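Trainee: My structure is stored as upload_15.cif, with mmCIF, C-alpha atoms.
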data_input
loop_
_atom_site.label_atom_id
_atom_site.label_comp_id
_atom_site.auth_asym_id
_atom_site.auth_seq_id
_atom_site.Cartn_x
_atom_site.Cartn_y
_atom_site.Cartn_z
CA LEU A 1 282.51 279.53 109.79
CA PHE A 2 283.60 278.41 106.32
CA GLN A 3 286.61 278.98 104.13
CA PHE A 4 284.68 281.31 101.85
CA GLY A 5 282.59 283.00 104.54
CA GLU A 6 279.96 285.28 103.04
CA ASP A 7 280.78 284.19 99.49
CA TYR A 8 278.08 281.54 99.75
CA GLU A 9 274.53 282.57 98.90
CA ASP A 10 272.53 280.62 101.47
CA TYR A 11 272.82 278.10 104.27
CA VAL A 12 270.86 275.08 105.45
CA LEU A 13 270.43 273.74 108.99
CA ARG A 14 269.91 269.98 109.20
CA GLY A 15 268.77 268.36 112.42
CA GLY A 16 269.08 264.86 113.84
CA TYR A 17 265.47 263.74 114.08
CA LYS A 18 266.18 260.33 112.53
CA GLU A 19 269.91 260.14 113.21
CA PRO A 20 270.76 261.96 116.46
CA THR A 21 274.55 261.45 116.28
CA LEU A 22 274.75 263.57 113.09
CA VAL A 23 277.39 261.21 111.69
CA ARG A 24 275.69 259.89 108.57
CA ASP A 25 274.78 263.26 107.10
CA THR A 26 278.37 264.51 107.38
CA VAL A 27 280.76 261.72 106.37
CA PRO A 28 279.66 261.38 102.69
CA SER A 29 280.84 264.93 101.94
CA GLU A 30 284.24 264.11 103.44
CA MET A 31 284.74 261.04 101.26
CA GLU A 32 286.38 261.11 97.82
CA GLY A 33 284.60 263.58 95.54
CA GLY A 34 282.73 265.32 98.36
CA ILE A 35 281.95 269.00 97.86
CA LEU A 36 279.78 270.44 100.62
CA GLN A 37 281.54 271.92 103.63
CA HIS A 38 279.79 271.57 106.97
CA THR A 39 280.16 272.16 110.66
CA LEU A 40 278.14 271.53 113.82
CA VAL A 41 276.45 274.52 115.45
CA GLU A 42 274.27 275.03 118.49
CA VAL A 43 271.17 277.01 117.58
CA VAL A 44 269.69 279.51 120.02
CA PHE A 45 266.64 281.71 119.40
CA LYS A 46 266.30 285.15 120.93
CA LYS A 47 262.82 286.50 121.56
CA GLU A 48 261.98 289.63 123.53
CA GLY A 49 265.32 289.55 125.30
CA GLU A 50 265.10 285.87 126.25
CA TYR A 51 267.20 283.08 124.79
CA PHE A 52 265.70 279.71 123.88
CA TYR A 53 267.92 276.71 123.21
CA GLU A 54 266.98 274.80 120.06
CA GLY A 55 269.69 272.17 119.64
CA VAL A 56 272.71 270.93 117.69
CA TYR A 57 272.44 271.12 113.91
CA ILE A 58 274.64 270.55 110.89
CA LEU A 59 275.23 273.81 109.04
CA TYR A 60 275.73 273.46 105.28
CA PRO A 61 275.90 275.87 102.39
CA ALA A 62 272.83 275.32 100.22
CA ILE A 63 273.43 273.42 96.97
CA GLN A 64 273.77 276.39 94.63
CA ARG A 65 275.94 277.50 91.74
CA ARG A 66 278.18 279.71 93.84
CA VAL A 67 279.07 276.83 96.15
CA LEU A 68 280.36 274.81 93.22
CA GLU A 69 282.12 277.80 91.72
CA LYS A 70 284.06 278.49 94.92
CA ARG A 71 284.68 274.90 96.02
CA LEU A 72 285.77 273.69 92.57
CA ASP A 73 287.64 276.88 91.64
CA TRP A 74 285.92 277.40 88.30
CA ASP A 75 287.57 279.82 85.90
CA SER A 76 284.13 280.81 84.65
CA LYS A 77 281.35 281.59 87.11
CA GLY A 78 278.77 279.72 85.07
CA LYS A 79 276.09 282.35 85.70
CA LYS A 80 272.90 282.29 83.67
CA GLU A 81 271.45 285.13 81.64
CA ASP A 82 267.73 285.75 81.26
CA CYS A 83 266.25 284.61 77.98
CA GLU A 84 264.84 288.12 77.54
CA ASP A 85 268.45 289.29 77.13
CA ASN A 86 268.96 286.88 74.22
CA PRO A 87 272.04 285.00 75.53
CA THR A 88 274.31 283.61 72.83
CA ALA A 89 274.81 279.88 72.30
CA SER A 90 278.26 280.13 73.88
CA VAL A 91 276.85 281.84 77.00
CA ILE A 92 274.23 279.10 77.37
CA ALA A 93 276.89 276.42 76.84
CA GLU A 94 279.03 277.91 79.64
CA THR A 95 276.15 278.18 82.12
CA ALA A 96 276.41 275.81 85.09
CA PHE A 97 273.48 273.45 85.65
CA ILE A 98 272.55 271.75 88.93
CA GLY A 99 269.64 269.33 89.14
CA GLU A 100 268.18 266.56 91.26
CA TYR A 101 266.80 263.26 90.08
CA THR A 102 263.48 262.82 91.82
CA ASN A 103 260.33 260.71 91.66
CA PRO A 104 257.40 263.10 91.97
CA GLY A 105 254.10 261.56 92.95
CA GLN A 106 251.46 261.39 95.64
CA GLY A 107 252.86 262.69 98.92
CA SER A 108 256.12 263.87 97.36
CA ARG A 109 257.42 267.29 98.34
CA LYS A 110 259.36 267.59 95.08
CA GLU A 111 258.01 268.35 91.65
CA ASP A 112 259.94 267.85 88.46
CA CYS A 113 260.11 270.41 85.68
CA ASP A 114 257.05 270.30 83.45
CA TRP A 115 259.42 270.18 80.47
CA LEU A 116 261.91 267.65 81.92
CA LYS A 117 260.49 264.50 83.51
CA TRP A 118 262.00 263.27 86.81
CA ILE A 119 264.39 266.23 87.14
CA LYS A 120 264.02 269.13 89.58
CA MET A 121 266.39 271.91 88.58
CA ARG A 122 268.30 273.73 91.31
CA TYR A 123 270.22 276.07 89.03
CA PRO A 124 268.74 277.51 86.97
CA LYS A 125 265.27 276.81 88.35
CA CYS A 126 262.61 274.99 86.38
CA ASP A 127 261.04 278.32 85.41
CA ILE A 128 264.08 279.33 83.38
CA GLY A 129 263.12 280.50 79.90
CA ASP A 130 262.76 278.24 76.88
CA CYS A 131 266.15 279.26 75.52
CA TYR A 132 267.85 276.98 78.10
CA HIS A 133 265.57 273.95 77.82
CA GLU A 134 267.39 272.18 75.00
CA GLU A 135 270.85 272.49 76.59
CA ILE A 136 269.67 271.43 80.05
CA THR A 137 267.72 268.51 78.60
CA LYS A 138 270.78 267.34 76.66
CA TYR A 139 272.66 266.74 79.92
CA PHE A 140 270.02 265.63 82.39
CA SER A 141 268.34 263.28 79.93
CA VAL A 142 271.49 261.17 80.39
CA ILE A 143 270.20 260.32 83.87
CA THR A 144 266.63 259.67 82.74
CA GLY A 145 267.70 257.45 79.83
CA LYS A 146 266.34 259.76 77.12
CA ASN A 147 269.63 261.24 75.90
CA GLU A 148 270.22 261.48 72.15
CA SER A 149 273.32 263.72 72.10
CA ALA A 150 277.00 263.27 72.90
CA VAL A 151 277.82 264.44 76.46
CA ASP A 152 281.16 264.54 78.26
CA LEU A 153 280.86 262.56 81.50
CA ASP A 154 283.11 262.59 84.54
CA LEU A 155 282.81 258.85 85.17
CA ASP A 156 285.21 259.09 88.12
CA SER A 157 282.56 261.11 89.96
CA PHE A 158 280.10 258.24 89.40
CA VAL A 159 282.69 255.81 90.78
CA ASP A 160 283.01 258.02 93.86
CA THR A 161 279.24 258.10 94.31
CA PHE A 162 278.92 254.32 93.91
CA PHE A 163 281.35 253.54 96.73
CA VAL A 164 279.85 256.12 99.07
CA GLU A 165 276.34 254.79 98.48
CA SER A 166 277.55 251.19 98.83
CA LEU A 167 279.03 251.87 102.24
CA MET A 168 276.21 254.08 103.52
CA MET A 169 273.39 251.63 102.54
CA ASN A 170 270.93 254.50 102.78
CA GLY A 171 267.97 252.82 101.09
CA ASP A 172 266.99 255.55 98.61
CA PHE A 173 269.77 255.30 96.02
CA PRO A 174 269.36 256.16 93.21
CA THR A 175 265.72 257.17 93.56
CA SER A 176 265.87 260.35 95.62
CA SER A 177 268.23 263.15 96.69
CA GLN A 178 270.60 262.37 93.82
CA TYR A 179 272.28 265.52 92.51
CA PHE A 180 274.15 266.11 89.27
CA TYR A 181 275.81 269.16 87.77
CA LYS A 182 277.27 270.39 84.50
CA ASP A 183 280.30 272.64 84.90
CA PRO A 184 281.06 275.65 82.64
CA THR A 185 283.39 273.54 80.46
CA GLY A 186 280.52 271.20 79.55
CA VAL A 187 281.44 268.16 81.68
CA PHE A 188 278.62 266.38 83.53
CA HIS A 189 279.28 265.13 87.09
CA SER A 190 277.62 263.13 89.86
CA GLY A 191 277.19 265.23 93.02
CA PRO A 192 277.05 267.06 95.38
CA ARG A 193 275.99 264.52 98.03
CA TRP A 194 273.09 265.13 100.36
CA ASP A 195 270.63 263.39 102.69
CA TYR A 196 271.91 260.17 104.32
CA ASP A 197 269.71 259.86 107.41
CA PHE A 198 267.30 257.30 105.94
CA MET A 199 267.11 254.47 108.47
CA SER A 200 267.02 251.30 106.39
CA TRP A 201 270.82 250.95 106.71
CA ARG A 202 270.19 249.47 110.14
CA LEU A 203 268.65 246.25 108.81
CA THR A 204 269.43 246.03 105.10
CA ASP A 205 271.49 243.18 103.63
CA HIS A 206 275.19 244.14 103.72
CA LYS A 207 276.36 241.20 101.61
CA THR A 208 275.28 242.27 98.14
CA TRP A 209 276.22 244.84 95.50
CA ASP A 210 272.55 245.36 94.65
CA PHE A 211 270.53 248.24 96.05
CA GLU A 212 267.01 247.92 97.42
CA SER A 213 264.85 250.93 98.12
CA THR A 214 262.26 250.72 100.85
CA TYR A 215 259.60 252.57 98.88
CA GLY A 216 258.21 252.26 95.38
CA ALA A 217 260.21 254.48 93.05
CA TYR A 218 262.07 254.21 89.78
CA ALA A 219 265.84 253.98 89.94
CA ALA A 220 267.64 256.43 87.68
CA PRO A 221 267.91 254.64 84.29
CA PHE A 222 271.52 255.70 83.77
CA TRP A 223 272.55 254.01 87.01
CA LYS A 224 270.75 250.86 85.88
CA ASP A 225 272.74 250.96 82.65
CA LEU A 226 276.00 251.39 84.57
CA GLY A 227 275.15 248.31 86.62
CA GLU A 228 275.45 246.21 83.46
CA HIS A 229 278.31 248.11 81.78
CA ALA A 230 281.48 245.99 81.72
CA GLY A 231 283.78 248.99 81.37
CA PHE A 232 282.28 250.76 84.37
CA ILE A 233 282.34 247.54 86.44
CA ALA A 234 286.04 247.10 85.61
CA LYS A 235 286.67 250.71 86.64
CA LEU A 236 284.98 250.03 90.00
CA ASN A 237 286.99 246.89 90.67
CA GLN A 238 290.28 248.69 89.99
CA VAL A 239 289.77 250.90 93.05
CA ARG A 240 287.32 248.77 95.07
CA VAL A 241 289.62 247.66 97.89
CA ALA A 242 291.42 250.96 98.37
CA ARG A 243 288.27 253.07 98.13
CA SER A 244 286.29 250.84 100.50
CA GLN A 245 289.04 251.09 103.12
CA ALA A 246 289.51 254.85 102.67
CA ASN A 247 285.79 255.53 103.09
CA LEU A 248 285.66 253.27 106.14
CA ASP A 249 288.57 255.17 107.70
CA ILE A 250 286.73 258.46 107.18
CA ALA A 251 283.54 257.10 108.76
CA LEU A 252 285.40 255.69 111.78
CA ALA A 253 287.31 258.95 112.23
CA LYS A 254 284.03 260.89 112.31
CA ILE A 255 282.63 258.48 114.91
CA ALA A 256 285.77 258.97 117.03
CA GLU A 257 285.26 262.74 116.71
CA ARG A 258 281.69 262.38 117.97
CA ARG A 259 282.91 260.39 120.98
CA THR A 260 285.28 263.24 121.85
CA GLN A 261 282.51 265.82 121.47
CA LEU A 262 280.14 263.71 123.57
CA ALA A 263 282.72 263.35 126.35
CA ALA A 264 283.27 267.11 126.31
CA GLY A 265 279.56 267.71 126.91
CA TYR A 266 278.82 269.23 123.51
CA PHE A 267 275.63 267.21 123.03
CA ASP A 268 274.34 267.42 126.63
CA ARG A 269 271.84 270.24 126.02
CA ASN A 270 270.68 268.72 122.75
CA ILE A 271 270.01 265.31 124.36
CA GLU A 272 268.12 267.00 127.20
CA ARG A 273 266.08 268.99 124.69
CA TRP A 274 265.29 266.26 122.16
CA GLY A 275 266.30 262.85 123.50
CA GLY A 276 266.36 260.94 120.22
CA PHE A 277 267.61 257.62 121.55
CA ASP A 278 265.76 254.31 122.07
CA SER A 279 263.23 255.44 119.47
CA LYS A 280 262.66 255.85 115.72
CA ILE A 281 261.67 252.30 114.82
CA VAL A 282 262.36 251.13 111.27
CA PRO A 283 259.42 249.33 109.65
CA TYR A 284 261.09 246.47 107.79
CA SER A 285 259.15 243.85 105.91
CA LYS A 286 261.90 241.21 106.14
CA ASP A 287 261.73 241.19 109.91
CA MET A 288 258.38 242.26 111.30
CA HIS A 289 259.58 242.07 114.89
CA LEU A 290 258.49 245.51 116.11
CA ARG A 291 261.14 245.52 118.83
CA HIS A 292 264.03 244.31 116.66
CA PRO A 293 267.19 245.36 118.57
CA ASP A 294 268.79 246.83 115.43
CA GLY A 295 265.60 248.35 114.05
CA ARG A 296 265.52 251.33 116.37
CA VAL A 297 268.02 253.94 117.51
CA LYS A 298 269.98 252.52 120.43
CA LYS A 299 269.39 253.51 124.04
CA THR A 300 272.40 255.80 124.37
CA PHE A 301 274.64 257.95 122.19
CA THR A 302 277.60 255.63 122.86
CA GLU A 303 275.66 252.47 122.00
CA GLU A 304 274.51 254.05 118.74
CA LEU A 305 278.08 254.95 117.80
CA ASP A 306 279.19 251.39 118.63
CA PHE A 307 276.47 250.03 116.34
CA MET A 308 277.60 252.33 113.53
CA VAL A 309 281.16 251.06 113.86
CA GLU A 310 279.87 247.50 113.62
CA ARG A 311 277.75 248.15 110.53
CA PHE A 312 280.33 250.26 108.69
CA THR A 313 283.08 247.73 109.41
CA GLU A 314 281.16 244.62 108.37
CA ARG A 315 279.97 246.34 105.18
CA ALA A 316 283.44 247.61 104.18
CA THR A 317 284.98 244.21 104.91
CA TRP A 318 282.50 242.50 102.59
CA MET A 319 283.08 245.14 99.88
CA LYS A 320 286.85 244.56 99.97
CA GLU A 321 286.51 240.79 99.81
CA ASN A 322 284.00 240.54 96.93
CA GLU A 323 284.50 241.63 93.34
CA ILE A 324 281.71 243.41 91.52
CA GLU A 325 280.20 241.49 88.62
CA GLU A 326 277.15 243.69 88.18
CA PHE A 327 274.67 245.56 90.34
CA ASP A 328 270.95 246.13 90.11
CA PHE A 329 268.15 248.11 91.77
CA SER A 330 264.81 247.09 93.19
CA PHE A 331 262.28 248.23 95.74
CA ASP A 332 260.68 246.40 98.64
CA MET A 333 257.06 245.88 97.57
CA LEU A 334 256.07 244.78 101.08
CA PHE A 335 257.44 247.92 102.74
CA PRO A 336 254.10 249.85 102.64
CA PHE A 337 252.47 246.97 104.51
CA ALA A 338 255.28 247.00 107.06
CA VAL A 339 254.78 250.73 107.61
CA TYR A 340 251.03 250.27 107.85
CA ILE A 341 251.34 247.54 110.45
CA ARG A 342 254.03 249.38 112.38
CA TYR A 343 252.05 252.59 112.72
CA THR A 344 248.58 251.08 113.17
CA TYR A 345 249.13 247.99 115.27
CA VAL A 346 248.07 249.78 118.46
CA ALA A 347 244.89 251.05 116.82
CA TRP A 348 244.17 247.62 115.39
CA GLY A 349 244.74 246.13 118.81
CA PHE A 350 242.10 248.37 120.35
CA PHE A 351 239.77 247.64 117.43
CA LEU A 352 240.11 243.86 117.82
CA VAL A 353 239.60 244.09 121.58
CA LEU A 354 236.45 246.12 120.94
CA VAL A 355 235.17 243.61 118.37
CA PHE A 356 235.76 240.62 120.65
CA THR A 357 234.20 242.47 123.56
CA CYS A 358 231.09 243.21 121.50
CA LEU A 359 230.90 239.61 120.28
CA TYR A 360 231.33 238.31 123.81
CA TYR A 361 228.67 240.70 125.10
CA GLN A 362 226.29 239.71 122.29
CA HIS A 363 226.91 236.02 122.96
CA SER A 364 226.36 236.49 126.68
CA THR A 365 223.15 238.45 126.09
CA ASP A 366 221.77 235.82 123.69
CA GLY A 367 222.60 233.09 126.18
CA TYR A 368 220.91 234.97 129.01
CA GLU A 369 217.76 235.53 126.96
CA LYS A 370 217.60 231.84 125.93
CA LEU A 371 218.08 230.75 129.52
CA HIS A 372 215.13 232.84 130.72
CA SER A 373 212.80 232.33 127.76
#
Rewrite the structure of this file - the entire thing - as structure tokens.
Mentor:
Amino acid sequence: LFQFGEDYEDYVLRGGYKEPTLVRDTVPSEMEGGILQHTLVEVVFKKEGEYFYEGVYILYPAIQRRVLEKRLDWDSKGKKEDCEDNPTASVIAETAFIGEYTNPGQGSRKEDCDWLKWIKMRYPKCDIGDCYHEEITKYFSVITGKNESAVDLDLDSFVDTFFVESLMMNGDFPTSSQYFYKDPTGVFHSGPRWDYDFMSWRLTDHKTWDFESTYGAYAAPFWKDLGEHAGFIAKLNQVRVARSQANLDIALAKIAERRTQLAAGYFDRNIERWGGFDSKIVPYSKDMHLRHPDGRVKKTFTEELDFMVERFTERATWMKENEIEEFDFSFDMLFPFAVYIRYTYVAWGFFLVLVFTCLYYQHSTDGYEKLHS
């Protein structure tokens, strides 16, 4: 299925529960600086001689060292050695590191390393021996704002990430699913990209360079610093128009590809199996209308693709027409209340009806007793 076939270590299947067109989770990896290969597959289970259709999924290689080694054509493999084998300083320095900035907390499925706050290591894992802790911390503490050592940065990779995130308007940048890696030569990069099916893009403000998350989390401190760094801002503006248009072209090309696949019947079985349209409401505190026409997946596959074209185009147009002066990060403090109301309004409705019924019954009973006393 992929250029390197069995050279990858593991694969991931990603479904379309929130985003049934499977556009948003694929286009970021095709934009400038993208790494992860992917393809659509139809998944079928076989049990006791019978076949059961599961649906259409995106097939990715898992984010692991070997993926980066093969995709980026590293001269050195960047493989770790166990601390029990007493690796030399040069071996440790040439080891590849892959980690994710995360905000662990109540309800989170991700835990950071107990020796490195806000970072979940993907390679090596958090349980790597103490001999690696200092070197890993040196690089990833750049992201958490605790760095005290000189580190070589690939700032172009951060430029790439900025324009992808700006166009996608995913709603969790840079608080979750943000990956970084250190290559065997000691250069620290932003990437690979992953997880763009968050639904706040449907309603978020497309006329700003700022980013607002829809849940309480801390933005990566390094990204906050970049938002005020004149040199980085100048670097963004140098490529802003060209990059915004190039990323838009890639997004529109993927949407056109989906239209072709839809017309050919590729998604017919998946739609029959899962539906996925005219559903998935977005709780949004700035517009509490529970039936907001843009706050839910459209009624048909075609209508949803049309809406994506509209949103991508209006966002890219604004990005091309407006220079970047600075950018900042915040989170929507009212979002939890929006979620609460969205998912409990039916229950509250029944509760209020019950309360008023009881009050009415009590009032009627008191009146009856007074009338006959």
Trainee: Could you check which of A:Thr185, A:Ser141, A:Thr21, A:Ser279 is closest to Lys77 (chain A), using only C-alpha atoms?
Mentor: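 Going through A:Thr185, A:Ser141, A:Thr21, A:Ser279 one by one, the smallest distance to Lys77 (chain A) is for A:Thr185.
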Trainee: Quick one: apply the PyMOL selection byres ((chain A and resi 157) around 9) to the file and drop the selected residues here as JSON, numbers by chain.
Mentor: {"A": [32, 33, 153, 154, 155, 156, 158, 159, 160, 161, 162, 189, 190, 191]}
Trainee: Next, the residues of the selection above should be written as a CSV table (one decimal), keeping the file's coordinate frame with C-alpha atoms.
Mentor:
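The resulting part05.csv:
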chain,number,residue,atom,x,y,z
A,32,GLU,CA,286.4,261.1,97.8
A,33,GLY,CA,284.6,263.6,95.5
A,153,LEU,CA,280.9,262.6,81.5
A,154,ASP,CA,283.1,262.6,84.5
A,155,LEU,CA,282.8,258.8,85.2
A,156,ASP,CA,285.2,259.1,88.1
A,158,PHE,CA,280.1,258.2,89.4
A,159,VAL,CA,282.7,255.8,90.8
A,160,ASP,CA,283.0,258.0,93.9
A,161,THR,CA,279.2,258.1,94.3
A,162,PHE,CA,278.9,254.3,93.9
A,189,HIS,CA,279.3,265.1,87.1
A,190,SER,CA,277.6,263.1,89.9
A,191,GLY,CA,277.2,265.2,93.0
Trainee: Taking the file as shown, what set of residues would the PyMOL selection byres ((chain A and resi 240) around 8) give back, as an MDAnalysis selection string?
Mentor: chainID A and resid 163 236:239 241:244 319:320 323
Trainee: Can you list, as a list in words, the residues that the PyMOL selection byres ((chain A and resi 56) around 6) selects here?
Mentor: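 This file, filtered by the PyMOL selection byres ((chain A and resi 56) around 6), leaves Val41, Glu42, Gly55, Tyr57 and Asn270 of chain A.
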Trainee: I'd like the interatomic distance between CA of Asp294 (chain A) and CA of Leu203 (chain A), to a tenth of an Å.
Mentor: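 Calculated distance between CA of Asp294 (chain A) and CA of Leu203 (chain A) is 6.6 Å.
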Trainee: Just checking: using all atoms listed in the file, which residue out of A:Gly275, A:Gly78, A:Gly265, A:Gly227 ends up closest to Lys182 (chain A)?
Mentor: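 Among the listed residues, the smallest separation from Lys182 (chain A) belongs to A:Gly78.
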Trainee: Can you work out which one of A:Phe222, A:Leu36, A:Pro20, A:Glu272 has the shortest atom-to-atom distance to Lys70 (chain A), counting only C-alpha atoms?
Mentor: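 Counting only C-alpha atoms, the residue closest to Lys70 (chain A) is A:Leu36.
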Trainee: Quick one: everything within 9 Å of Gln37 (chain A), counting all atoms listed in the file, minus sequence neighbours fewer than 3 positions away in the same chain. Send it as a list in words.
Mentor: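 The residues satisfying every condition are Phe2, Gln3, Thr26, Ser29, Glu30, Gly34, Leu59, Tyr60, Pro61 and Arg71 of chain A.
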Trainee: Starting from the point (270.1, 257.7, 122.5), work out which residues of protein, DNA or RNA have an atom no more than 6 Å away when counting all atoms listed in the file; state them as a PyMOL selection string.
Mentor: chain A and resi 276-278+298-301
Trainee: Quick one: pull the distance between CA of Asp306 (chain A) and CA of Ser166 (chain A), Å, one decimal.
Mentor: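 These atoms are spaced 19.9 Å apart.
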Trainee: To one decimal in Å, tell me the separation between CA of Leu22 (chain A) and CA of Arg311 (chain A).
Mentor: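 According to the coordinates, CA of Leu22 (chain A) and CA of Arg311 (chain A) are separated by 15.9 Å.
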Trainee: As a list in words, please: the residues near Leu248 (chain A) (cut-off 8 Å, only C-alpha atoms, same-chain neighbours under 6 positions excluded).
Mentor: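 What passes the distance filter is Leu167, Phe312, Thr313 and Ala316 of chain A.
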Trainee: Restricting the calculation to only C-alpha atoms: of A:Pro174, A:Gly145, A:Gly15, A:Pro184, which residue gets closest to Asp73 (chain A)?
Mentor: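 Once distances to Asp73 (chain A) are computed over only C-alpha atoms, the minimum belongs to A:Pro184.
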Trainee: Give me the residues near region 147-149 of chain A as a ChimeraX atom specification, where near means some atom within 10 Å (using all atoms listed in the file) and where sequence neighbours in that chain fewer than 4 positions away do not count.
Mentor: /A:137-143,222
Trainee: Which residue gives the smallest distance to Ile233 (chain A) among A:Asp172, A:Glu325, A:Glu303, A:Asp152, with only C-alpha atoms counted?
Mentor: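 Among the listed residues, A:Glu325 lies closest to Ile233 (chain A).
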Trainee: Return the single residue from A:Lys80, A:Arg24, A:Arg269, A:Lys18 that is closest to Arg193 (chain A), with distances computed using all atoms listed in the file.
Mentor: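 Among the listed residues, the smallest separation from Arg193 (chain A) belongs to A:Arg24.
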Trainee: Mind checking which residues fall within 6 Å of region 119-131 of chain A, counting all atoms listed in the file, ignoring those fewer than 6 positions away in the same chain, and posting them as a list in words?
Mentor: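 Contacts, with the query itself left out: Cys83, Phe97, Ile98, Gly99, Glu100, Tyr101, Thr102, Asp112 and Cys113 of chain A.
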Trainee: Which centre and which edge lengths, in Å to one decimal, describe the axis-aligned box that holds all listed atoms of region 306-318 of chain A after 5 Å is added on each side, as lines of an AutoDock Vina configuration file?
Mentor:
center_x = 280.7
center_y = 247.4
center_z = 110.6
size_x = 18.5
size_y = 19.8
size_z = 26.0
